[in-house]
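A.B. asks: Here it is, the structure, as structure tokens.
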Amino acid sequence: MAEYVWLDAVGNTRSKTRTLPPKKTSLDQLPKWNFDGSSTDQAPGDDSEVILVPCAVYPDPFRTGAKNVLVMCEAVTPNGDAIESNSRSAAAKVFEKYPDEVPWFGLEQEYTLFNLDQKTPLGWPEGGFPGPQGPYYCGTGPENMFGRAISEAHYAACLYSGIQISGTNGEVMPGQWEYQVGPCVGIAAADQLSISRYILARVCEDFQVYCTLHPKPITQGDWNGAGCHTNFSTKKMREKGGLDEIKEAIYKLGAKHAQHIAAYGEGNELRLTGKFETASMDEFSYGVANRGCSVRIGRETEADGCGYLEDRRPSSNCDPYIVTGMVMETCMGPKAPEIKASNKDLA
Ligand code: ADP
Ligand code: MN
Ligand code: MN
Ligand code: MN
């Protein structure tokens with residue numbers, strides 16, 4: 001069985017299955033397929049066929065014990081042109097332009113679990129609020145942690161599928177979790193994150209728990225939002241003296257702040273307020289170990305003089321193809337004026 005997965009008009013994953021001969025499940029053997037785009041708001045009714053082009057293949061963690069696969073696909077018109085929701089096509093072209101840079105991405109996907117009513121976060125009293133934030137982040141105990149079985153099942157399933165999931169942790173708001181995918185090279189980061197989101201949705205079906213990637217699921221009261229911090233490095237940044245290259249990249253990101261914010265996810269303005277470990281979306285900032293900045297340089301990167309940067313702006317519901325492609329494009333673009341760091345210790 002081959003489960004063909006694609007992104008729909010609002011960025012959710014959709015999928016359908018076909019039976020194939022066992023020898024046909026490698027990327028070079030998998031046939032193209034199609035779906036009814038008029039049922040997903042991705043094509044008009046009178047020309048409804050959208051073509052699915054296989055792009056990446058993973059072992060299927062839900063149908064184990066045989067050569068069953070998950071197939072990440074691009075959606076194109078019968079003429080082969082990317083449809084509007086196909087952001088992968090453009091991103092892949094960006095990465096193809098810079099094969100020598102070996103870009104790595106680590107994506108920190110945060111998500112929030114709810115009862116099926118979609119109103120009550122998991123573990124919260126119905127119509128009310130739990131105790132204030134504090135004991136939940138990386139917490140333990142049934143009074144603090146809600147949905148760990150989902151996080152664990154998702155983690156194991158991702159590992160089974162060969163997703164480079166690098167870790168997971170409970171988040172600041174109760175019912176909120178995070179996992180990290182990466183470091184992955186180039187387009188593989190967004191492919192793997194997309195499949196990991198598909199796996200998350202499927203795991204939540206089994207548990208009958210609602211999962212949202214909304215960046216600010218609870219607006220009333222003092223509750224953290226949800227992001228998709230994007231950690232990024234090129235070969236030069238990871239090598240000796242790479243910190244200068246990192247700073248140059250940060251200046252370029254700063255010069256295009258507004259364009260990046262506009263592309264970093266729906267509803268992100270509710271999250272990027274300057275509170276709850278975010279920077280205001282109106283102004284670009286960066287600093288060492290500073291979680292109130294748009295872009296953070298880790299302590300270790302500063303100490304080593306090389307490493308990576310963390311773009312903290314993307315929202316949890318961002319399109320990972322758009323975000324990774326844009327970070328790459330901007331950081332490969334023309335030199336930008338220097339910006340002063342928000343901490344004094346980064347001269
Ligand atoms: P945080 O301290 O922000 O919570 P995490 O540990 O959650 O950090 O996520 C960091 C991510 O960055 C991980 O996915 C990790 O694999 C990734 N990463 C590590 N080194 C690099 C690098 N050189 N380039 C890009 N990503 C990296
Ligand atoms: Mn993290
Ligand atoms: Mn986090
Ligand atoms: Mn982070």
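Chain lettering (A, B, ...) mirrors the order of the structure tokens, residue numbering begins at 1 for each chain separately, and ligand numbering begins at 1 in order of display.
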Ligand 3: which residues are within 12 Å, counting only C-alpha atoms and all ligand atoms? Reply as a PyMOL selection string.
C.D. replies: chain A and resi 107-112+137-138+167-173+176-180+215+224-230+276-278+291+310+312-316
A.B. asks: Just C-alpha atoms for this one: save the residues we selected as a PDB file, in the first residue's frame.
C.D. replies:
```pdb
ATOM      1  CA  LEU A 107      12.453  22.912  12.512  1.00  0.00           C
ATOM      2  CA  GLU A 108      10.855  23.076  15.963  1.00  0.00           C
ATOM      3  CA  GLN A 109       7.220  22.184  15.477  1.00  0.00           C
ATOM      4  CA  GLU A 110       4.923  23.225  18.324  1.00  0.00           C
ATOM      5  CA  TYR A 111       1.325  22.030  18.472  1.00  0.00           C
ATOM      6  CA  THR A 112      -1.622  22.190  20.861  1.00  0.00           C
ATOM      7  CA  TYR A 137       7.364  23.169  30.315  1.00  0.00           C
ATOM      8  CA  CYS A 138       9.318  19.881  30.264  1.00  0.00           C
ATOM      9  CA  GLY A 167      13.819  15.410  20.074  1.00  0.00           C
ATOM     10  CA  THR A 168      10.599  16.402  21.794  1.00  0.00           C
ATOM     11  CA  ASN A 169       9.461  18.298  24.889  1.00  0.00           C
ATOM     12  CA  GLY A 170       6.367  19.428  26.733  1.00  0.00           C
ATOM     13  CA  GLU A 171       5.691  23.127  26.215  1.00  0.00           C
ATOM     14  CA  VAL A 172       4.975  26.143  28.412  1.00  0.00           C
ATOM     15  CA  MET A 173       1.193  26.075  27.959  1.00  0.00           C
ATOM     16  CA  GLN A 176       1.105  22.114  24.167  1.00  0.00           C
ATOM     17  CA  TRP A 177       4.022  20.047  22.849  1.00  0.00           C
ATOM     18  CA  GLU A 178       7.029  20.392  20.584  1.00  0.00           C
ATOM     19  CA  TYR A 179       9.181  18.136  18.478  1.00  0.00           C
ATOM     20  CA  GLN A 180      12.159  18.999  16.327  1.00  0.00           C
ATOM     21  CA  PRO A 215      -0.049  30.085  16.492  1.00  0.00           C
ATOM     22  CA  ASN A 224       2.183  31.115  25.201  1.00  0.00           C
ATOM     23  CA  GLY A 225       1.542  30.852  21.482  1.00  0.00           C
ATOM     24  CA  ALA A 226       2.965  28.184  19.191  1.00  0.00           C
ATOM     25  CA  GLY A 227       5.803  28.624  16.726  1.00  0.00           C
ATOM     26  CA  CYS A 228       8.006  26.783  14.313  1.00  0.00           C
ATOM     27  CA  HIS A 229      11.483  28.122  15.102  1.00  0.00           C
ATOM     28  CA  THR A 230      13.646  27.633  12.053  1.00  0.00           C
ATOM     29  CA  PHE A 276       5.756  35.174  25.884  1.00  0.00           C
ATOM     30  CA  GLU A 277       9.271  34.640  24.496  1.00  0.00           C
ATOM     31  CA  THR A 278       8.586  36.401  21.194  1.00  0.00           C
ATOM     32  CA  ARG A 291      14.436  34.493  23.389  1.00  0.00           C
ATOM     33  CA  GLU A 310      17.516  30.466  14.931  1.00  0.00           C
ATOM     34  CA  ARG A 312      12.086  32.493  15.902  1.00  0.00           C
ATOM     35  CA  ARG A 313       9.440  34.237  13.798  1.00  0.00           C
ATOM     36  CA  PRO A 314       7.713  31.445  11.809  1.00  0.00           C
ATOM     37  CA  SER A 315       4.405  30.347  13.288  1.00  0.00           C
ATOM     38  CA  SER A 316       3.491  26.756  14.078  1.00  0.00           C
TER      39      SER A 316
END
```
A.B. asks: Please provide the set of residues having any atom within 6 Å of stretch 61-75 of chain A, restricted to only C-alpha atoms, with same-chain residues fewer than 3 positions apart removed, written as a ChimeraX atom specification.
C.D. replies: /A:1-6,51-58,86,157,160-161
A.B. asks: Measuring atom to atom with only C-alpha atoms and all ligand atoms, identify which of A:Gly106, A:Pro22, A:Pro31, A:Pro142 is nearest to ligand 4.
C.D. replies: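 Using only C-alpha atoms and all ligand atoms, ligand 4 sits closest to A:Gly106.
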A.B. asks: When you count only C-alpha atoms and all ligand atoms, which of these residues is closest to ligand 1: A:Met281, A:Leu30, A:Val102, A:Leu272?
C.D. replies: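 For ligand 1, the nearest of the given residues is A:Val102.
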A.B. asks: Could you build a table of the residues in chain A lying no more than 7 Å from ligand 1, giving for each the nearest pair of atoms and their separation in Å rounded to one decimal place, using only C-alpha atoms and all ligand atoms, ordered by chain and ascending residue number, as CSV?
C.D. replies:
```
residue,atom,partner,partner_atom_place_in_ligand_line,distance
A:Trp104,CA,ligand 1,25 (C),4.6
A:Phe105,CA,ligand 1,25 (C),4.3
A:Gly106,CA,ligand 1,14 (O),3.7
A:Leu107,CA,ligand 1,14 (O),5.4
A:Glu108,CA,ligand 1,7 (O),5.5
A:Ser166,CA,ligand 1,14 (O),5.5
A:Gln180,CA,ligand 1,14 (O),4.5
A:Val181,CA,ligand 1,14 (O),4.9
A:Gly182,CA,ligand 1,14 (O),4.4
A:Pro183,CA,ligand 1,16 (O),4.3
A:His229,CA,ligand 1,3 (O),6.9
A:Asn231,CA,ligand 1,26 (N),4.4
A:Phe232,CA,ligand 1,25 (C),4.0
A:Ser233,CA,ligand 1,24 (N),4.2
A:Arg238,CA,ligand 1,23 (N),6.0
A:Gly307,CA,ligand 1,23 (N),5.0
A:Tyr308,CA,ligand 1,23 (N),4.7
```
A.B. asks: Report as a list in words all protein, DNA and RNA residues lying within 9 Å of A:Gly186, evaluated on only C-alpha atoms, omitting residues in the same chain fewer than 3 positions from it.
C.D. replies: Ala91, Ala92, Phe95, Glu96, Val102, Pro103, Trp104, Phe105, Ala189, Ala190, Thr324, Gly325 and Met328 of chain A
A.B. asks: Report as a PyMOL selection string all protein, DNA and RNA residues lying within 12 Å of A:Gly131, evaluated on only C-alpha atoms, omitting residues in the same chain fewer than 3 positions from it.
C.D. replies: chain A and resi 123-125+128+134-136+143-144+172-174+221-223
